[in-house]
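Visitor: I am attaching a structure below and will ask some questions about it afterwards.
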Amino acid sequence: MVPTAYYLILAAMLFSIGIGAFLIKRNVITIFISIELMLNGVNLTFVAFAQMWHQISGQIFVFFVMVVAAAEAAVGLAIIISIFRTRQTLNVDEIDLMNS
Amino acid sequence: MSPMPASYLWFIPLLPFAGFLINGTLGRRLPRAVVSAIALLFTALPAAIVAWLWATMRAAGAPDSIEVVSRPWIAITGFHVDFAFTVDHLTLIMLGVVTGVGFLIHIYSVGYMAEEEGYWRFFAYLNLFMFFMSVLVLAESFLLLFVGWEGVGLASYLLIGFYFKKTSAANAGKKAFVVNRIGDFGFLLAMFLLILHFGSLSFTQVFATIGQHPEWQGVRFLTAIALLLVLGAVGKSAQIPLYVWLPDAMEGPTPVSALIHAATMVTAGIYMVARCHVLFDRAPIALTVVACIGAATAIFAASIGMVQHDIKRVLAYSTVSQLGYMFMACGVGAYAAGIFHLLTHAFFKALLFLAAGSVIHATSGEQDMRKMGGLRTRIPVTFWTMSAGVFAIAGIPPLAGFFSKDEILYQTFASPNPIFKLLWLIGLVTAGMTSFYMFRLWFKTFFGESRFEQHSLDHYGAAVDARSSTTLAAVAEHDESQAAHSHGVHESPWIMLFPLVILAILSVIGGWVGVPAALGGHNEIEHFLDPVFASGVVAEGAASSAGHGLELGLAALSVLVALAGLYVAYLFYYKKPGTAAELAERAKPAYVVLQNKYWVDEFYANFLVIPLMMFTRGFLELIFDRGVVNGSGRAAGFVTRIFGWLARKQISGNIRSYAGWLAIGAAAVIAVMIFGRSLWVHL
């Protein structure tokens, strides 16, 4: 049986890659993908601990995260499309309407 | 006690208050007739209730006082004040003056103010004054008296500044208000001391406590309370050194001067001293102070009154002087004599002011006596009624002023304290001066050549200059109707003359209630007030032992002095009109001093007002208000702005910078969760 620590290390790596990509990348789509990567890292820790403690609640949480992520993907992609339509760019550094 | 529901007492103040509310809120839209009907009705009814009270209280077997308590007003541990009214014989006299004279002056005002703007406002204020004044005299505690005291001050302020578009009127109102605050400061401190030492502000309780402690003769705290009360009374009753507001208060309409600044409000100080006589009798130092202040004010104000030219200012200084007499009476312990003079003074001074108002009305607003003269035949009713007032105040027997003033002088002379003999002398000299300036006013206004005509011709610049050298009377003979029209000298309407006639009758006979035993009378007013002052009459023992011969002699002396005043005024202003000017020229320094009212106003302005203003502007405004108060506000604002600026710098609109901050924050939270606990343990 694979030790829980392995899963956790893999999850931490996925999460860190997600954060790194989120901070470095400028394309909205890539940023969006990196968010999914972070979510999946977290999901992995949930299932790993669920298996370790023989508790079903961790797995249920993963389902919730997946459902929310799916909904978020739909909304997020719609926003991205509308941004692209109005501004003809997906570079986040150029999308700074909130700048005072 | 006869069937006299004591709750009727509530109506005495509440009815004028209702009148004030109605006229004050709706008066602007009501026709003048309705406004005057409301104002008159709501002052006539209290007068009727007071008349009924008189009848009840004079009936055989009536109690010495009636008291009504509504309910506890202020109740905290160890101290409580009821909202209570009480009526005893002293209150009864005050109520009679306030409602009776007040009602007459309301009637007069209907005629006097007929042409004025703000008619409804005037009557609303007058009713408000009646409300507070009756609260003042009915009050059973120092606190409720203070409510009335402040209230009449407010009404006085509003009415002095009635012509508020005139700067001098607005300033006079402000001056009266501010000067009165100095007195109120003393009154407040006195109340605090009373609470400290007696735990009560009720007259009954405080005086009963004093009665139980015969050893408290001249103890320090009673003297302190009494002196602070005197400060209050000095402010309200316009005595030295706080008298300066009263002459300026003449900026108000003349009925106001008659009601508030002669007959009622300014006597509140005397009423208060008399009301607290139990306290004052235990503080002989305070009483001596009262007597000295009174005598000094009497002669001081009378001397100024001798050279004034404005008819109302003469009367104003005369009021200050007469109030000084009343103070002197209270100071020598002759409270009943003081109240007696208050009563007769209310009659003849209200009469004099109203008659002066009638003269002013007749001459279309002229107040300078140098521009009057010869009005005797033109306005005969005003002349005769005013003559009654002049003779009464001058102390010519058997008019009212003679009896009351003489009673004060006699009581002062008869009291055992040797200083009071000097005060008596001052009082006597003042009586002569009073007689002089009143007859001066009388001769200058009503006799001799008319100086008004010349003035009016300048004024109208018109048709009759051929007659400019002739007297008004001569003009009247030539062409009565034309003269009357072109000069506008006219007798006042009956609605103004009626109160004059009533007051003139009262000024003549009003003194007969106090005819002393020496002159074959019974001095009824003194016996009437016995239940109130029984415990406090100091001079009575001395008075009875001194004998009637002395009293008669003193009375004859003061009559002689009054006649001398009359004769001098006759010489100066009727027989040889130039004499006064010559004398003024020869005694120039004295005349200038009097003419400038001893520069008291200037003294106050330069040595009190200006330093105070400098302190206010320089320290309070510049350093404290702008520096400390504004400065701390600005500092707080500046700190907030700094933080705001720092925070604003973070709002770049760049998603990646937000994400960066978020990541750093999350890392920090995790770091604290992992390492914080162990750090905490180590520390």
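Numbering starts fresh at 1 for the residues of each chain in the structure tokens, the chains themselves are lettered A, B, ... in the order given, and ligands are numbered from 1 as they appear.
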Given only C-alpha atoms, how would the per-residue table for chain A near chain B read, listing every residue at most 10 Å away with its closest atom pair and distance in Å to one decimal, sorted by chain and number, as CSV?
Guide:
```
residue,atom,partner,partner_atom,distance
A:Ile19,CA,B:Ala663,CA,7.8
A:Gly20,CA,B:Gly660,CA,9.8
A:Phe22,CA,B:Arg656,CA,7.5
A:Leu23,CA,B:Arg656,CA,5.7
A:Ile24,CA,B:Arg656,CA,7.8
A:Lys25,CA,B:Arg656,CA,8.6
A:Arg26,CA,B:Arg656,CA,8.2
A:Ile31,CA,B:Arg656,CA,9.6
A:Val92,CA,B:Ile655,CA,6.7
A:Asp93,CA,B:Asn654,CA,6.0
A:Glu94,CA,B:Asn654,CA,8.2
A:Ile95,CA,B:Asn654,CA,7.3
A:Asp96,CA,B:Gly653,CA,4.4
A:Leu97,CA,B:Gly653,CA,6.0
A:Met98,CA,B:Gly653,CA,4.2
A:Asn99,CA,B:Gly653,CA,4.1
A:Ser100,CA,B:Ser652,CA,6.8
```
Visitor: What lies within 8 Å of Tyr7 (chain A) using only C-alpha atoms, ignoring chain neighbours under 6 positions off, as a PyMOL selection string?
Guide: chain A and resi 44-45+48
Visitor: Any chance you could export the current selection's C-alpha atoms as a PDB file, in the first residue's frame?
Guide:
```pdb
ATOM      1  CA  LEU A  44      -5.760  14.765  -3.615  1.00  0.00           C
ATOM      2  CA  THR A  45      -4.991  15.648   0.030  1.00  0.00           C
ATOM      3  CA  ALA A  48      -5.481  10.749   0.860  1.00  0.00           C
TER       4      ALA A  48
END
```
Visitor: Select, from A:Leu8, A:Ile83, A:Ile33, A:Met1, the residue with the minimum atom-to-atom distance to Phe49 (chain A), counting only C-alpha atoms.
Guide: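 Checking each candidate against Phe49 (chain A), we get A:Leu8 as the closest.
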Visitor: If I take CA of Ile76 (chain B) and CA of Gly199 (chain B), how far is one from the other in Å, to one decimal?
Guide: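 Taking CA of Ile76 (chain B) and CA of Gly199 (chain B), their separation equals 10.9 Å.
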Visitor: Fewer than 6 positions away in the same chain doesn't count, so skip those; otherwise give me all residues within 8 Å of Gly58 (chain A), counting only C-alpha atoms, as JSON, numbers by chain.
Guide: {"A": [46, 47, 49, 50]}
Visitor: I need the chosen residues saved as a PDB file, in the first residue's frame, with N, CA and C atoms.
Guide:
```pdb
ATOM      1  N   PHE A  46      -7.430  15.623   0.249  1.00  0.00           N
ATOM      2  CA  PHE A  46      -8.692  15.177   0.853  1.00  0.00           C
ATOM      3  C   PHE A  46      -8.827  13.668   0.778  1.00  0.00           C
ATOM      4  N   VAL A  47      -8.676  13.119  -0.434  1.00  0.00           N
ATOM      5  CA  VAL A  47      -8.880  11.670  -0.565  1.00  0.00           C
ATOM      6  C   VAL A  47      -7.807  10.886   0.172  1.00  0.00           C
ATOM      7  N   PHE A  49      -6.216  11.731   2.962  1.00  0.00           N
ATOM      8  CA  PHE A  49      -6.538  11.676   4.395  1.00  0.00           C
ATOM      9  C   PHE A  49      -7.773  10.823   4.644  1.00  0.00           C
ATOM     10  N   ALA A  50      -8.750  10.852   3.693  1.00  0.00           N
ATOM     11  CA  ALA A  50      -9.951  10.037   3.857  1.00  0.00           C
ATOM     12  C   ALA A  50      -9.582   8.565   3.922  1.00  0.00           C
TER      13      ALA A  50
END
```
Visitor: Would you pick out the contacts of Arg313 (chain B) at 10 Å or less, using only C-alpha atoms, so that residues sharing its chain but fewer than 3 positions from it are not included, and give the list as a list in words?
Guide: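 Skipping anything fewer than 3 positions along the chain leaves Leu246, Pro247, Asp248, Ala249, Met250, Glu251, Ile304, Gly305, Val307, Gln308, His309, Asp310, Ala316, Tyr317, Ser318, Thr319, Gln367 and Asp368 of chain B.
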Visitor: Considering only C-alpha atoms, return as a list in words whatever protein or nucleic-acid residues lie within 6 Å of region 386-393 of chain B, sequence-local ones (same chain, fewer than 3 positions apart) excluded.
Guide: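 Here the answer would be Phe348, Leu352, Ala355, Thr382, Phe383, Ile396, Leu399, Ala400, Gly401, Met438 and Ala504 of chain B.
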Visitor: Can you tell me which residues surround Ala37 (chain B) at a distance of at most 12 Å, considering only C-alpha atoms, apart from same-chain residues fewer than 3 positions away, and format the answer as a PyMOL selection string?
Guide: chain B and resi 19+22-23+27+30-34+40-44+106-107+110+120+123-124
Visitor: When DSSP works through the backbone of this structure, what residues of region 110-287 of chain B end up as alpha helix (DSSP H), shown as a PyMOL selection string?
Guide: chain B and resi 110-112+119-138+142-160+167-198+203-212+220-236+245-248+254-258+268-275+277-281+284-287
Visitor: Tell me, in Å to one decimal, how far CA of Glu140 (chain B) is from CA of Ala155 (chain B).
Guide: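 A separation of 21.5 Å between them.
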Visitor: Env of Phe300 (chain B): 9 Å cut, atoms = only C-alpha atoms, seq-sep filter 3 positions within chain, self excluded. Answer as a PyMOL selection string.
Guide: chain B and resi 240+295-297+303-305+321+430
Visitor: Report, in Å to a single decimal, how far apart CA of Ala48 (chain B) and CA of Ala62 (chain B) are.
Guide: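 Here the two named atoms are 19.0 Å from each other.
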Visitor: Return as a list in words the full set of residues in region 120-359 of chain B whose backbone-based DSSP assignment is strand (DSSP E or B).
Guide: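 After running DSSP on the backbone, region 120-359 of chain B has strand (DSSP E or B) at Ala139, Ser141, Ser202 and Asp310 of chain B.
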Visitor: Can I get the selected residues back with C-alpha atoms, as an mmCIF file, in the first residue's frame?
Guide:
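Written output follows (again_30.cif):
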```cif
data_model
loop_
_atom_site.group_PDB
_atom_site.id
_atom_site.type_symbol
_atom_site.label_atom_id
_atom_site.label_comp_id
_atom_site.auth_asym_id
_atom_site.auth_seq_id
_atom_site.Cartn_x
_atom_site.Cartn_y
_atom_site.Cartn_z
ATOM 1 C CA ALA B 139 -42.904 78.544 43.208
ATOM 2 C CA SER B 141 -38.812 75.773 45.856
ATOM 3 C CA SER B 202 -38.018 73.496 49.185
ATOM 4 C CA ASP B 310 -34.637 110.755 26.920
#
```
